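Here is the structure we will look at.
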Amino acid sequence: MEAEIDSFIRFLAVERGLSDNYQLSTRHSLTEFATWCGTARQFTDVKEVTLPLITDYLADRKRAGLAASSIKPVVVAFTIFFRFLTAKGQVDRDPTETLTLPRIERYLPETLNELQVQQLIESIDTTKPRGLRDRAIVELLYASGLRISELANARLENLNLDDRILRVTGKGNKTRLVPVGRRACEALAAYLTGERPRQVRPRTGSDIFLSARGTKLTTVRLWQIVKERARHSGLEANIYPHLLRHSFATHLLGNGADLRIIQEMLGHADISTTQVYTHVDQQRLKAVHRKFHPRA
């Protein structure tokens, strides 16, 4: 199946314009399946793939401990792969026509309340080395609901402090404009004028957030920074970058923001992804009702 997989990945890259990460994960899913077919079933011809065979493979992966949430993208990869081959006439019939996605348990995202976010931010001492940078990082994560990868790739030319707007590139290489709150802008301005110039080196790029050596901060390092700052904040909650994104969306919704606007700011392709925050807000409302209503 190697030739068919290569052709399909080129299609995803050239005609669909999908991200490198998506191409890599899809190739990995298809290559693992092809390897399994060769070893467990002793064939490599894509025309021999049937629905029972795919079902057997997915069952085998489940027995190996793969969660439903991890099996779902594999099923999606199979579906679009065989749809592509059917359209090209390389297989007579799409074996995934009746293949269904695994049911995934939906868990409500964790969030911090507004006082906890404030405590986290204000615990960062801006008089200490890299304090201005780290406060700006946490402020921006919460103010704009950025993914950690979007924060890592944030660049000076895409930041407009006067209009309080940042242009970011999210999943699928989709670009969007996100508003930046007043306090986050103040924190960014303080960092950009007071600390970043000292981190610049001859080969430093225009990335907003830099290491002490003047290099771009990786997503792993940004994660570590948030975790380190959380440990010194006095909060007992398990705080990580995406928790601030969840908190951003939940607090917007709780204060009356329209769900479609939140979807746009988060960069969600599907409104159903954003709708999980309505359940979070309902949970908060129920908790308040139980606590304060005399006949709750």
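Ordering of the structure tokens sets the chain letters (A, B, ...), residue numbers begin anew at 1 in every chain, and ligands are numbered from 1 in the order given.
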- Taking the DSSP assignment computed from this structure's backbone, write out as number ranges by chain all residues of stretch 91-269 of chain A that belong to alpha helix (DSSP H). A: 114-122, 131-144, 148-152, 182-194, 196-199, 219-231, 241-254, 259-266
Do you have, as JSON lines, the list of residues of stretch 147-206 of chain A lying at most 9 Å from stretch 263-271 of chain A, each with its nearest atom pair and that distance in Å to one decimal, counting only C-alpha atoms and ordered by chain then number?
{"residue": "A:Arg147", "atom": "CA", "partner": "A:Leu266", "partner_atom": "CA", "distance": 8.4}
{"residue": "A:Gly170", "atom": "CA", "partner": "A:Gly267", "partner_atom": "CA", "distance": 6.8}
{"residue": "A:Lys171", "atom": "CA", "partner": "A:Gly267", "partner_atom": "CA", "distance": 7.9}
{"residue": "A:Lys174", "atom": "CA", "partner": "A:Gly267", "partner_atom": "CA", "distance": 8.1}
{"residue": "A:Thr175", "atom": "CA", "partner": "A:Gly267", "partner_atom": "CA", "distance": 8.5}
{"residue": "A:Arg176", "atom": "CA", "partner": "A:Gly267", "partner_atom": "CA", "distance": 7.1}
{"residue": "A:Leu177", "atom": "CA", "partner": "A:Met265", "partner_atom": "CA", "distance": 7.5}
{"residue": "A:Val178", "atom": "CA", "partner": "A:Met265", "partner_atom": "CA", "distance": 5.7}
{"residue": "A:Pro179", "atom": "CA", "partner": "A:Met265", "partner_atom": "CA", "distance": 7.8}
- Gap from atom CA of A:Pro129 to atom CA of A:Cys185 - Å, one decimal: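 If I compute the distance from atom CA of A:Pro129 to atom CA of A:Cys185, I get 19.8 Å.
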- Item | Among the residues A:Leu120, A:Ala13, A:Arg295, A:Glu2, the one that comes closest to A:Asn238 [using only C-alpha atoms] |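 Looking at the shortest contact to A:Asn238, the residue is A:Leu120.
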- Computed interatomic separation between atom CA of A:Gly181 and atom CA of A:Gln275 (Å):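 Calculated distance between atom CA of A:Gly181 and atom CA of A:Gln275 is 23.2 Å.
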- What lies within 7 Å of stretch 206-223 of chain A using only C-alpha atoms, ignoring chain neighbours under 3 positions off, as a ChimeraX atom specification? /A:148-149,152-156,199-201,226-227,240-241
- Item | A:Val280 surroundings by only C-alpha atoms, 12 Å radius, close-in-sequence under 6 positions cut, as a PyMOL selection string | chain A and resi 106-113+246-247+249-254+274+286-287
- Item | 12 Å contact set for A:Asp56, only C-alpha atoms, chain neighbours under 6 positions out, as a PyMOL selection string | chain A and resi 33+36-37+40-41+49-50+62-63
Just N, CA, C and O atoms for this one: save the residues we selected as a CSV table (one decimal), in the first residue's frame.
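Final output, out-v8.csv:
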chain,number,residue,atom,x,y,z
A,33,PHE,N,-1.4,0.3,9.7
A,33,PHE,CA,-2.4,-0.6,9.2
A,33,PHE,C,-1.8,-1.5,8.1
A,33,PHE,O,-2.0,-2.7,8.1
A,36,TRP,N,0.4,-4.1,9.6
A,36,TRP,CA,-0.4,-5.1,10.3
A,36,TRP,C,-0.9,-6.1,9.2
A,36,TRP,O,-0.9,-7.3,9.4
A,37,CYS,N,-1.4,-5.5,8.1
A,37,CYS,CA,-2.0,-6.4,7.0
A,37,CYS,C,-0.9,-7.3,6.5
A,37,CYS,O,-1.2,-8.5,6.2
A,40,ALA,N,0.0,-9.8,9.9
A,40,ALA,CA,-1.1,-10.6,10.5
A,40,ALA,C,-1.9,-11.3,9.4
A,40,ALA,O,-2.5,-12.3,9.7
A,41,ARG,N,-2.0,-10.7,8.2
A,41,ARG,CA,-2.8,-11.3,7.2
A,41,ARG,C,-2.1,-11.7,5.9
A,41,ARG,O,-2.7,-12.2,4.9
A,49,VAL,N,-8.5,-5.1,1.0
A,49,VAL,CA,-9.0,-4.6,2.2
A,49,VAL,C,-10.5,-4.7,2.3
A,49,VAL,O,-11.1,-4.1,1.3
A,50,THR,N,-11.1,-5.2,3.3
A,50,THR,CA,-12.5,-5.3,3.5
A,50,THR,C,-12.9,-4.7,4.8
A,50,THR,O,-12.0,-4.5,5.7
A,62,LYS,N,-7.7,-1.9,20.0
A,62,LYS,CA,-8.4,-1.6,21.2
A,62,LYS,C,-7.9,-2.6,22.3
A,62,LYS,O,-7.7,-2.2,23.5
A,63,ARG,N,-7.7,-3.9,22.0
A,63,ARG,CA,-7.2,-4.9,22.9
A,63,ARG,C,-5.8,-4.5,23.4
A,63,ARG,O,-5.4,-4.8,24.5
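Across the structure, atom CA of A:Asp281 and atom CA of A:Ala237 are spaced 18.7 Å apart.
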- Task: Please give the complete set of residues from stretch 80-287 of chain A that DSSP, run on the backbone, assigns to strand (DSSP E), formatted as a PyMOL selection string.
- Result: chain A and resi 159-160+165-169+175-179
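Every protein, DNA or RNA residue with an atom at most 8 Å from A:Ser233, where only C-alpha atoms count and chain neighbours fewer than 2 positions away do not, is listed here: Gln119, Leu120, Ser123, Ile124, Arg229, Ala230, Arg231 and Leu235 of chain A.
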- Task: Find, counting only C-alpha atoms, the residue in A:Gln42, A:Ala68, A:Val74, A:Arg167 that gets nearest to A:Leu30.
- Result: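 Of A:Gln42, A:Ala68, A:Val74, A:Arg167, the one nearest A:Leu30 is A:Val74, counting only C-alpha atoms.
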- Task: Go through A:Ile5, A:Leu259, A:Leu159, A:Leu140 one by one, measure the shortest atom-to-atom distance of each to A:Gln90 using only C-alpha atoms, and give the residue with the smallest value.
- Result: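 The shortest atom-to-atom distance to A:Gln90 comes from A:Ile5.
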- Item | Polymer residues at most 8 Å from A:Arg83, only C-alpha atoms, same-chain spacing of 4 or more positions, as a PyMOL selection string | chain A and resi 79+87+94
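Candidate residues A:Thr204, A:Ser144, A:Thr278, A:Ser272 were compared for distance to A:Arg182, and the nearest is A:Ser144, using only C-alpha atoms.
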- Query: Of the residues A:Gln224, A:Glu236, A:Ala64, A:Arg245, which is the one nearest to A:Leu146, using only C-alpha atoms?
  - Reply: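 Selected residue with least distance to A:Leu146: A:Arg245.
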